$ cat work-v6.pdb   # PDB, C-alpha atoms
ATOM      1  CA  MET A 239       0.000   0.000   0.000
ATOM      2  CA  SER A 240       1.343   3.398  -0.943
ATOM      3  CA  GLU A 241       2.201   6.076   1.592
ATOM      4  CA  GLN A 242      -0.286   8.374  -0.142
ATOM      5  CA  LEU A 243      -3.121   5.929   0.442
ATOM      6  CA  SER A 244      -2.018   5.439   4.028
ATOM      7  CA  MET A 245      -2.041   9.172   4.725
ATOM      8  CA  LYS A 246      -5.555   9.386   3.279
ATOM      9  CA  GLY A 247      -6.525   6.624   5.681
ATOM     10  CA  LEU A 248      -4.997   8.563   8.583
ATOM     11  CA  VAL A 249      -7.062  11.632   7.701
ATOM     12  CA  ALA A 250     -10.153   9.417   7.551
ATOM     13  CA  ALA A 251      -9.277   8.062  10.990
ATOM     14  CA  LEU A 252      -9.098  11.533  12.494
ATOM     15  CA  LEU A 253     -12.366  12.578  10.917
ATOM     16  CA  CYS A 254     -14.115   9.396  12.006
ATOM     17  CA  VAL A 255     -13.601  10.183  15.690
ATOM     18  CA  PHE A 256     -16.352  12.761  15.226
ATOM     19  CA  CYS A 257     -18.736  10.510  13.299
ATOM     20  CA  GLY A 258     -22.305  10.298  14.550
ATOM     21  CA  THR A 259     -24.361   7.257  15.374
ATOM     22  CA  VAL A 260     -24.837   4.766  12.551
ATOM     23  CA  SER A 261     -28.093   2.803  12.455
ATOM     24  CA  ALA A 262     -28.542  -0.851  11.580
ATOM     25  CA  ALA A 263     -27.713  -1.842   8.006
ATOM     26  CA  THR A 264     -28.954  -4.677   5.832
ATOM     27  CA  ILE A 265     -26.070  -6.232   3.885
ATOM     28  CA  LEU A 266     -27.184  -8.042   0.737
ATOM     29  CA  SER A 267     -25.416 -10.967  -0.924
ATOM     30  CA  ASN A 268     -23.797 -10.470  -4.312
ATOM     31  CA  GLY A 269     -26.400 -12.725  -5.924
ATOM     32  CA  THR A 270     -30.126 -13.306  -5.621
ATOM     33  CA  ALA A 271     -31.630 -16.278  -3.769
ATOM     34  CA  PRO A 272     -30.205 -18.619  -2.617
ATOM     35  CA  GLY A 273     -27.303 -16.161  -2.264
ATOM     36  CA  ASP A 274     -23.587 -16.574  -2.877
ATOM     37  CA  ASN A 275     -20.644 -18.684  -1.759
ATOM     38  CA  PHE A 276     -17.040 -17.522  -2.187
ATOM     39  CA  THR A 277     -14.309 -20.157  -2.008
ATOM     40  CA  ASN A 278     -10.632 -20.483  -2.878
ATOM     41  CA  ALA A 279      -8.746 -23.746  -3.360
ATOM     42  CA  SER A 280      -5.254 -22.247  -3.180
ATOM     43  CA  GLY A 281      -3.186 -21.685  -0.047
ATOM     44  CA  SER A 282      -2.972 -17.931  -0.615
ATOM     45  CA  ASN A 283      -5.455 -15.633   1.109
ATOM     46  CA  THR A 284      -8.059 -14.311  -1.314
ATOM     47  CA  GLY A 285     -11.069 -12.050  -0.831
ATOM     48  CA  GLN A 286     -14.122 -10.558  -2.515
ATOM     49  CA  ALA A 287     -16.073  -7.371  -1.827
ATOM     50  CA  VAL A 288     -19.704  -7.710  -0.772
ATOM     51  CA  GLY A 289     -21.084  -5.057  -3.068
ATOM     52  CA  ALA A 290     -20.133  -1.573  -1.855
ATOM     53  CA  SER A 291     -21.135  -2.318   1.752
ATOM     54  CA  GLY A 292     -17.664  -2.134   3.330
ATOM     55  CA  TRP A 293     -17.909  -5.874   4.085
ATOM     56  CA  TYR A 294     -15.562  -8.404   2.496
ATOM     57  CA  TYR A 295     -15.242 -12.164   2.214
ATOM     58  CA  ASN A 296     -11.588 -12.319   3.175
ATOM     59  CA  ASN A 297      -8.601 -14.510   4.100
ATOM     60  CA  VAL A 298     -10.220 -17.432   2.269
ATOM     61  CA  ARG A 299      -7.831 -20.301   1.541
ATOM     62  CA  ASN A 300      -7.474 -24.076   1.230
ATOM     63  CA  ASN A 301     -11.113 -24.638   0.211
ATOM     64  CA  GLY A 302     -12.594 -22.546   2.980
ATOM     65  CA  ALA A 303     -15.839 -20.821   1.976
ATOM     66  CA  VAL A 304     -17.943 -17.849   3.053
ATOM     67  CA  GLY A 305     -21.079 -16.359   1.574
ATOM     68  CA  ILE A 306     -24.316 -14.631   2.450
ATOM     69  CA  ASN A 307     -26.985 -17.193   1.619
ATOM     70  CA  THR A 308     -30.151 -18.876   2.854
ATOM     71  CA  ASP A 309     -28.499 -21.979   4.383
ATOM     72  CA  TYR A 310     -29.061 -20.756   7.956
ATOM     73  CA  ALA A 311     -31.705 -18.036   7.993
ATOM     74  CA  ARG A 312     -31.473 -15.572  10.889
ATOM     75  CA  SER A 313     -33.390 -12.313  11.409
ATOM     76  CA  GLY A 314     -34.740 -12.618   7.884
ATOM     77  CA  ASN A 315     -33.956 -14.990   5.029
ATOM     78  CA  GLY A 316     -30.167 -15.179   5.303
ATOM     79  CA  SER A 317     -26.900 -15.105   7.224
ATOM     80  CA  ALA A 318     -23.186 -15.367   6.443
ATOM     81  CA  ASN A 319     -22.399 -19.064   6.005
ATOM     82  CA  LEU A 320     -18.851 -20.129   7.050
ATOM     83  CA  THR A 321     -17.367 -23.518   6.163
ATOM     84  CA  THR A 322     -14.012 -25.277   6.319
ATOM     85  CA  THR A 323     -13.103 -28.694   4.919
ATOM     86  CA  GLN A 324      -9.355 -29.232   5.338
ATOM     87  CA  GLY A 325      -7.302 -29.655   8.485
ATOM     88  CA  PRO A 326      -6.538 -29.458  11.300
ATOM     89  CA  ALA A 327      -3.047 -30.510  10.202
ATOM     90  CA  GLY A 328      -1.322 -29.354   7.054
ATOM     91  CA  ALA A 329      -2.963 -26.897   4.678
ATOM     92  CA  SER A 330      -6.101 -26.213   6.708
ATOM     93  CA  SER A 331      -9.068 -24.168   5.513
ATOM     94  CA  LYS A 332      -9.886 -20.613   6.582
ATOM     95  CA  ALA A 333     -12.674 -18.114   5.818
ATOM     96  CA  ASP A 334     -13.655 -14.738   7.310
ATOM     97  CA  ILE A 335     -16.221 -12.009   6.768
ATOM     98  CA  GLU A 336     -14.772  -8.600   7.641
ATOM     99  CA  TYR A 337     -15.775  -4.957   7.827
ATOM    100  CA  LEU A 338     -12.721  -2.915   6.848
ATOM    101  CA  ALA A 339     -12.242   0.845   6.933
ATOM    102  CA  ASN A 340     -11.446   2.320   3.505
ATOM    103  CA  ALA A 341     -10.222  -1.065   2.256
ATOM    104  CA  VAL A 342      -7.798  -1.648  -0.612
ATOM    105  CA  GLN A 343      -7.069  -4.907  -2.408
ATOM    106  CA  VAL A 344      -3.513  -6.202  -2.396
ATOM    107  CA  SER A 345      -2.584  -9.472  -4.138
ATOM    108  CA  GLY A 346      -6.168 -10.701  -4.080
ATOM    109  CA  ASN A 347      -6.916 -10.034  -0.397
ATOM    110  CA  TRP A 348      -8.412  -6.919   1.234
ATOM    111  CA  PHE A 349      -6.733  -4.691   3.831
ATOM    112  CA  ALA A 350      -7.970  -1.689   5.818
ATOM    113  CA  ASN A 351      -6.533   1.664   4.823
ATOM    114  CA  GLY A 352      -8.500   3.770   7.278
ATOM    115  CA  SER A 353      -9.759   3.753  10.845
ATOM    116  CA  LEU A 354     -13.070   3.604  12.668
ATOM    117  CA  GLY A 355     -11.710   5.409  15.737
ATOM    118  CA  LEU A 356      -9.551   4.873  18.815
ATOM    119  CA  PHE A 357      -9.470   1.441  20.408
ATOM    120  CA  THR A 358      -9.912   3.034  23.832
ATOM    121  CA  SER A 359     -13.357   4.222  22.633
ATOM    122  CA  LEU A 360     -14.550   0.672  21.955
ATOM    123  CA  THR A 361     -17.191  -0.269  24.527
ATOM    124  CA  SER A 362     -18.765  -3.450  23.188
ATOM    125  CA  MET A 363     -19.097  -5.968  20.363
ATOM    126  CA  SER A 364     -21.772  -8.550  19.656
ATOM    127  CA  TYR A 365     -22.794 -11.127  17.083
ATOM    128  CA  ASP A 366     -24.906 -14.222  16.502
ATOM    129  CA  TRP A 367     -23.285 -17.521  15.566
ATOM    130  CA  TYR A 368     -24.357 -21.020  14.593
ATOM    131  CA  ARG A 369     -22.498 -24.356  14.682
ATOM    132  CA  ASN A 370     -23.911 -27.308  12.782
ATOM    133  CA  SER A 371     -23.595 -30.605  14.674
ATOM    134  CA  SER A 372     -21.988 -32.127  11.567
ATOM    135  CA  SER A 373     -18.818 -30.138  12.352
ATOM    136  CA  THR A 374     -15.928 -32.367  13.429
ATOM    137  CA  ASN A 375     -13.484 -29.706  14.655
ATOM    138  CA  SER A 376     -12.973 -29.174  18.384
ATOM    139  CA  ALA A 377     -16.325 -29.003  20.173
ATOM    140  CA  VAL A 378     -15.371 -25.734  21.911
ATOM    141  CA  GLN A 379     -14.889 -23.858  18.633
ATOM    142  CA  HIS A 380     -17.451 -21.549  17.066
ATOM    143  CA  PRO A 381     -17.100 -18.548  14.720
ATOM    144  CA  ALA A 382     -14.714 -16.185  16.516
ATOM    145  CA  MET A 383     -15.061 -12.394  16.601
ATOM    146  CA  ARG A 384     -12.061 -10.084  16.289
ATOM    147  CA  VAL A 385     -11.404  -6.368  16.483
ATOM    148  CA  LEU A 386      -8.630  -5.479  14.022
ATOM    149  CA  LEU A 387      -6.102  -2.896  15.218
ATOM    150  CA  ASP A 388      -3.077  -0.788  14.356
ATOM    151  CA  LEU A 389      -1.059  -0.433  17.568
ATOM    152  CA  ASP A 390       0.552   2.986  17.078
ATOM    153  CA  GLY A 391      -2.260   4.564  15.058
ATOM    154  CA  ASN A 392       0.090   5.341  12.176
ATOM    155  CA  LEU A 393      -1.454   3.767   9.089
ATOM    156  CA  ALA A 394       1.712   4.360   7.076
ATOM    157  CA  THR A 395       3.367   1.464   8.946
ATOM    158  CA  THR A 396       1.896  -2.037   8.976
ATOM    159  CA  SER A 397       4.241  -4.194  11.083
ATOM    160  CA  ASP A 398       2.227  -3.395  14.226
ATOM    161  CA  ARG A 399      -1.144  -4.510  12.850
ATOM    162  CA  GLY A 400      -3.078  -7.381  14.369
ATOM    163  CA  GLY A 401      -6.131  -7.872  16.507
ATOM    164  CA  LEU A 402      -7.887  -9.132  19.619
ATOM    165  CA  VAL A 403      -9.941 -12.325  19.462
ATOM    166  CA  TYR A 404     -13.004 -13.407  21.411
ATOM    167  CA  GLU A 405     -13.689 -17.121  21.892
ATOM    168  CA  ARG A 406     -15.897 -18.755  24.509
ATOM    169  CA  ALA A 407     -13.211 -21.303  25.341
ATOM    170  CA  TYR A 408     -11.196 -18.582  27.110
ATOM    171  CA  ASN A 409     -14.191 -17.192  28.975
ATOM    172  CA  ALA A 410     -14.996 -20.139  31.257
ATOM    173  CA  VAL A 411     -17.584 -21.513  28.836
ATOM    174  CA  GLY A 412     -17.548 -25.147  27.696
ATOM    175  CA  ASN A 413     -18.497 -26.743  24.406
ATOM    176  CA  ALA A 414     -20.245 -24.643  21.793
ATOM    177  CA  ALA A 415     -23.964 -25.234  21.343
ATOM    178  CA  THR A 416     -24.974 -26.954  18.112
ATOM    179  CA  ASP A 417     -27.901 -26.654  15.705
ATOM    180  CA  THR A 418     -29.108 -23.459  17.360
ATOM    181  CA  TRP A 419     -28.336 -19.769  17.080
ATOM    182  CA  VAL A 420     -26.359 -18.193  19.933
ATOM    183  CA  SER A 421     -26.266 -14.451  20.625
ATOM    184  CA  GLU A 422     -22.855 -13.399  21.960
ATOM    185  CA  SER A 423     -22.137 -10.119  23.791
ATOM    186  CA  ILE A 424     -18.552  -8.976  24.347
ATOM    187  CA  GLY A 425     -18.004  -6.256  26.934
ATOM    188  CA  ALA A 426     -15.667  -4.862  29.565
ATOM    189  CA  SER A 427     -15.083  -8.177  31.390
ATOM    190  CA  SER A 428     -14.785 -10.402  28.304
ATOM    191  CA  LYS A 429     -11.376 -12.029  27.894
ATOM    192  CA  LEU A 430      -9.510 -11.573  24.610
ATOM    193  CA  TRP A 431      -6.244 -12.877  23.217
ATOM    194  CA  ASN A 432      -4.105 -11.092  20.659
ATOM    195  CA  PHE A 433      -2.333 -11.880  17.421
ATOM    196  CA  GLY A 434       0.241  -9.556  15.845
ATOM    197  CA  LEU A 435       0.316  -5.905  16.978
ATOM    198  CA  GLY A 436       4.096  -6.243  17.099
ATOM    199  CA  LEU A 437       3.603  -8.153  20.360
ATOM    200  CA  GLY A 438       3.650 -11.728  19.083
ATOM    201  CA  ILE A 439       0.711 -13.961  19.927
ATOM    202  CA  GLU A 440      -1.187 -14.271  23.234
ATOM    203  CA  PHE A 441       0.734 -11.408  24.820
ATOM    204  CA  ASP A 442       0.197 -10.809  28.560
ATOM    205  CA  ILE A 443      -0.814  -7.137  28.358
ATOM    206  CA  ASP A 444      -1.185  -6.520  32.101
ATOM    207  CA  GLY A 445       1.659  -8.720  33.382
ATOM    208  CA  ASP A 446      -0.496 -11.064  35.445
ATOM    209  CA  SER A 447       1.007 -14.230  33.911
ATOM    210  CA  THR A 448      -2.049 -15.001  31.779
ATOM    211  CA  PRO A 449      -2.420 -14.159  28.072
ATOM    212  CA  TYR A 450      -6.209 -13.907  28.257
ATOM    213  CA  ASP A 451      -6.970 -10.393  29.455
ATOM    214  CA  THR A 452     -10.257  -8.491  29.590
ATOM    215  CA  LEU A 453     -11.269  -5.724  27.215
ATOM    216  CA  THR A 454     -10.902  -3.303  30.132
ATOM    217  CA  GLU A 455      -7.346  -4.490  30.817
ATOM    218  CA  TRP A 456      -6.382  -4.162  27.150
ATOM    219  CA  LYS A 457      -7.787  -0.642  26.966
ATOM    220  CA  ALA A 458      -6.019   0.386  30.185
ATOM    221  CA  SER A 459      -2.556  -0.545  28.927
ATOM    222  CA  ALA A 460      -0.267   2.328  27.942
ATOM    223  CA  ARG A 461       0.765   0.232  24.934
ATOM    224  CA  MET A 462      -2.746   0.615  23.510
ATOM    225  CA  ALA A 463      -3.135   4.372  24.054
ATOM    226  CA  ASN A 464      -2.731   5.262  20.363
ATOM    227  CA  ALA A 465      -4.205   2.094  18.851
ATOM    228  CA  VAL A 466      -6.877   2.608  16.217
ATOM    229  CA  ILE A 467      -9.574   0.236  15.002
ATOM    230  CA  LEU A 468      -9.131  -0.960  11.419
ATOM    231  CA  GLY A 469     -12.272  -3.071  11.315
ATOM    232  CA  PHE A 470     -14.058  -6.116  12.652
ATOM    233  CA  SER A 471     -13.930  -9.759  11.640
ATOM    234  CA  VAL A 472     -15.832 -12.968  12.269
ATOM    235  CA  GLY A 473     -14.332 -16.166  10.959
ATOM    236  CA  VAL A 474     -13.385 -19.802  11.187
ATOM    237  CA  GLY A 475     -10.479 -22.062  10.420
ATOM    238  CA  SER A 476      -6.687 -22.103  10.411
ATOM    239  CA  GLY A 477      -6.016 -25.418  12.126
ATOM    240  CA  TRP A 478      -9.653 -26.247  12.835
ATOM    241  CA  GLY A 479     -10.668 -29.077  10.566
ATOM    242  CA  PRO A 480     -14.167 -29.455   9.044
ATOM    243  CA  PHE A 481     -16.713 -26.903  10.260
ATOM    244  CA  ASP A 482     -20.106 -25.749   9.027
ATOM    245  CA  GLY A 483     -21.962 -22.805  10.531
ATOM    246  CA  ALA A 484     -22.818 -19.145  10.176
ATOM    247  CA  THR A 485     -22.860 -15.656  11.669
ATOM    248  CA  ASP A 486     -25.273 -12.722  11.587
ATOM    249  CA  ASN A 487     -26.141  -9.427  13.293
ATOM    250  CA  ILE A 488     -22.536  -8.334  13.825
ATOM    251  CA  ALA A 489     -22.429  -5.122  15.870
ATOM    252  CA  TRP A 490     -20.116  -2.814  17.810
ATOM    253  CA  SER A 491     -20.083   0.478  19.688
ATOM    254  CA  ILE A 492     -17.201   2.950  19.416
ATOM    255  CA  GLY A 493     -17.917   6.097  21.399
ATOM    256  CA  THR A 494     -21.129   7.479  19.888
ATOM    257  CA  GLN A 495     -20.881   5.207  16.839
ATOM    258  CA  ASN A 496     -23.188   2.203  16.864
ATOM    259  CA  MET A 497     -23.050  -0.180  13.915
ATOM    260  CA  SER A 498     -25.095  -3.332  13.331
ATOM    261  CA  SER A 499     -25.170  -5.444  10.166
ATOM    262  CA  ASN A 500     -27.806  -8.009   9.234
ATOM    263  CA  PHE A 501     -26.910 -10.287   6.313
ATOM    264  CA  GLU A 502     -29.740 -10.974   3.863
ATOM    265  CA  VAL A 503     -30.377 -12.356   0.379
ATOM    266  CA  PRO A 504     -32.336 -10.341  -2.207
ATOM    267  CA  ALA A 505     -35.292 -12.210  -3.666
ATOM    268  CA  SER A 506     -35.147 -13.319  -7.296
ATOM    269  CA  GLN A 507     -36.967 -10.916  -9.579
ATOM    270  CA  VAL A 508     -39.310 -11.962 -12.383
ATOM    271  CA  PRO A 509     -37.656 -10.637 -15.559
ATOM    272  CA  GLU A 510     -39.538  -8.112 -17.630
ATOM    273  CA  PRO A 511     -40.643  -9.430 -21.068
ATOM    274  CA  GLY A 512     -38.146  -8.804 -23.852
ATOM    275  CA  PRO A 513     -39.056  -6.901 -27.035
ATOM    276  CA  LEU A 514     -40.089 -10.036 -28.986
ATOM    277  CA  ALA A 515     -42.148 -11.394 -26.094
ATOM    278  CA  LEU A 516     -43.784  -8.004 -25.621
ATOM    279  CA  PHE A 517     -44.624  -7.834 -29.353
ATOM    280  CA  ALA A 518     -46.160 -11.319 -29.168
ATOM    281  CA  LEU A 519     -48.325 -10.302 -26.216
ATOM    282  CA  MET A 520     -49.490  -7.203 -28.121
ATOM    283  CA  ALA A 521     -50.309  -9.299 -31.201
ATOM    284  CA  LEU A 522     -52.365 -11.708 -29.109
ATOM    285  CA  GLY A 523     -54.211  -8.785 -27.636
ATOM    286  CA  VAL A 524     -55.032  -7.366 -31.065
ATOM    287  CA  ALA A 525     -56.218 -10.782 -32.306
ATOM    288  CA  ALA A 526     -58.450 -11.205 -29.290
ATOM    289  CA  THR A 527     -59.945  -7.753 -29.878
ATOM    290  CA  ARG A 528     -60.709  -8.604 -33.525
ATOM    291  CA  ARG A 529     -62.435 -11.841 -32.525
ATOM    292  CA  THR A 530     -64.724 -10.061 -30.101
ATOM    293  CA  ARG A 531     -65.778  -7.561 -32.786
ATOM    294  CA  HIS A 532     -66.949 -10.226 -35.292
TER     295      HIS A 532
END
$ encode --input "work-v6.pdb" --output "structure tokens"
Amino acid sequence: MSEQLSMKGLVAALLCVFCGTVSAATILSNGTAPGDNFTNASGSNTGQAVGASGWYYNNVRNNGAVGINTDYARSGNGSANLTTTQGPAGASSKADIEYLANAVQVSGNWFANGSLGLFTSLTSMSYDWYRNSSSTNSAVQHPAMRVLLDLDGNLATTSDRGGLVYERAYNAVGNAATDTWVSESIGASSKLWNFGLGLGIEFDIDGDSTPYDTLTEWKASARMANAVILGFSVGVGSGWGPFDGATDNIAWSIGTQNMSSNFEVPASQVPEPGPLALFALMALGVAATRRTRH
């Protein structure tokens, strides 16, 4: 990504601190019913934009798949279906759906080039998830939610990018429920683990000898004072093994900004008659009129 693009993203980040409240949005699949399904057989991360919504099917590899479709309807006729087939060893599948600020595409995948505001202004996240009982990965795993961050707030540098991950397994909750929708709320006392951010993985941010620290503890650290939010992600895979499930109603609150996204599938439309068909209908109408006059 060029420095010029990064500086534009930095300006967007500063402006976004003053953004007002955003109401709920309906995010439509790229295709009509039954929706879409984006997959990638290669081992390189690949993504696809979901219209112009700011959402992206992203980090898809090794036959992972993600798409807004009608497989698991939630709050309407659709949701974002997430599946993996390979793993857990070797070239395992992965698939995410992500909201990225001012995203740009680089080598097939999408990356944030803007900010949604300061991490210290994040107060909550929430989402609905579903795990089909046919899944054979670890029983504690379900679609994970992540807040994506840039540690120093300087979008011109990328080595300090990463995120914080929420999973029930690190919040004193046992196996994930199956064949039912679960509504998950992530707040001040929820425990999160990190990847990247120039800190490695599962960094102990408050020095208490545990890598699973609460949102409050992450926000209180001096290391996070300048961190900005690049986006949000819900996904599956990377060492999981076969999984089938979904997510919907992804939401977050950053200061006065409140965002909620419901994934839906537009209904198929009956095509309008073409010129020849329209002419035929007109001819039939004329013939019928003539018959009634005789």
$ residues_around --input "work-v6.pdb" --residues "Trp431 in chain A" --least-positions-apart "6" --cutoff "12 Å" --atoms "all atoms listed in the file" --output "PyMOL selection string"
chain A and resi 382-385+400-409+437-443+448-453+455-456
$ residues_around --input "work-v6.pdb" --residues "Glu422 in chain A" --least-positions-apart "2" --cutoff "6 Å" --atoms "only C-alpha atoms" --output "list in words"
Ser364, Tyr365 and Asp366 of chain A
$ closest_residue --input "work-v6.pdb" --among "A:Ser313, A:Thr418, A:Ser476, A:Asn370" --to "Glu502 in chain A" --atoms "all atoms listed in the file"
A:Ser313
$ atom_distance --input "work-v6.pdb" --atom1 "CA of Arg299 in chain A" --atom2 "CA of Gly475 in chain A"
9.4 Å
$ closest_residue --input "work-v6.pdb" --among "A:Gly493, A:Gly273, A:Gly436, A:Gly479" --to "Tyr310 in chain A" --atoms "only C-alpha atoms"
A:Gly273
$ closest_residue --input "work-v6.pdb" --among "A:Gly391, A:Gly302, A:Gly289, A:Gly316" --to "Pro504 in chain A" --atoms "only C-alpha atoms"
A:Gly316
$ resolve_selection --input "work-v6.pdb" --expression "the PyMOL selection byres ((chain A and resi 415) around 10)" --output "PyMOL selection string"
chain A and resi 367-371+377-380+412-414+416-420
$ atom_distance --input "work-v6.pdb" --atom1 "CA of Trp490 in chain A" --atom2 "CA of Ser362 in chain A"
5.6 Å
$ atom_distance --input "work-v6.pdb" --atom1 "CA of Thr361 in chain A" --atom2 "CA of Asn464 in chain A"
16.0 Å
$ closest_residue --input "work-v6.pdb" --among "A:Phe349, A:Pro381, A:Ala484, A:Thr358" --to "Ala426 in chain A" --atoms "all atoms listed in the file"
A:Thr358
$ resolve_selection --input "work-v6.pdb" --expression "the PyMOL selection byres ((chain A and resi 347) around 8)" --output "list in words"
Asn283, Thr284, Gly285, Gln286, Asn296, Asn297, Gln343, Val344, Ser345, Gly346, Trp348 and Phe349 of chain A
$ residues_around --input "work-v6.pdb" --residues "Ala333 in chain A" --least-positions-apart "5" --cutoff "6 Å" --atoms "only C-alpha atoms" --output "PyMOL selection string"
chain A and resi 297-298+302-304+473-474
$ closest_residue --input "work-v6.pdb" --among "A:Ser499, A:Asn307, A:Ser423, A:Asn315" --to "Glu336 in chain A" --atoms "all atoms listed in the file"
A:Ser499
$ residues_around --input "work-v6.pdb" --residues "Ile335 in chain A" --least-positions-apart "2" --cutoff "7 Å" --atoms "all atoms listed in the file" --output "MDAnalysis selection string"
chainID A and resid 293:296 471:473
$ residues_around --input "work-v6.pdb" --residues "Leu386 in chain A" --least-positions-apart "4" --cutoff "12 Å" --atoms "only C-alpha atoms" --output "ChimeraX atom specification"
/A:336-339,349-357,360,391,398-404,432-435,465-472
$ axis_aligned_box --input "work-v6.pdb" --around "range 327-338 of chain A" --padding-each-side "8 Å" --output "lines of an AutoDock Vina configuration file"
center_x = -8.8
center_y = -16.7
center_z = 7.4
size_x = 30.9
size_y = 43.6
size_z = 21.5
$ decode --input "work-v6.pdb" --residues "range 439-457 of chain A" --atoms "C-alpha atoms" --output "PDB file, in the first residue's frame"
ATOM      1  CA  ILE A 439       0.711 -13.961  19.927  1.00  0.00           C
ATOM      2  CA  GLU A 440      -1.187 -14.271  23.234  1.00  0.00           C
ATOM      3  CA  PHE A 441       0.734 -11.408  24.820  1.00  0.00           C
ATOM      4  CA  ASP A 442       0.197 -10.809  28.560  1.00  0.00           C
ATOM      5  CA  ILE A 443      -0.814  -7.137  28.358  1.00  0.00           C
ATOM      6  CA  ASP A 444      -1.185  -6.520  32.101  1.00  0.00           C
ATOM      7  CA  GLY A 445       1.659  -8.720  33.382  1.00  0.00           C
ATOM      8  CA  ASP A 446      -0.496 -11.064  35.445  1.00  0.00           C
ATOM      9  CA  SER A 447       1.007 -14.230  33.911  1.00  0.00           C
ATOM     10  CA  THR A 448      -2.049 -15.001  31.779  1.00  0.00           C
ATOM     11  CA  PRO A 449      -2.420 -14.159  28.072  1.00  0.00           C
ATOM     12  CA  TYR A 450      -6.209 -13.907  28.257  1.00  0.00           C
ATOM     13  CA  ASP A 451      -6.970 -10.393  29.455  1.00  0.00           C
ATOM     14  CA  THR A 452     -10.257  -8.491  29.590  1.00  0.00           C
ATOM     15  CA  LEU A 453     -11.269  -5.724  27.215  1.00  0.00           C
ATOM     16  CA  THR A 454     -10.902  -3.303  30.132  1.00  0.00           C
ATOM     17  CA  GLU A 455      -7.346  -4.490  30.817  1.00  0.00           C
ATOM     18  CA  TRP A 456      -6.382  -4.162  27.150  1.00  0.00           C
ATOM     19  CA  LYS A 457      -7.787  -0.642  26.966  1.00  0.00           C
TER      20      LYS A 457
END
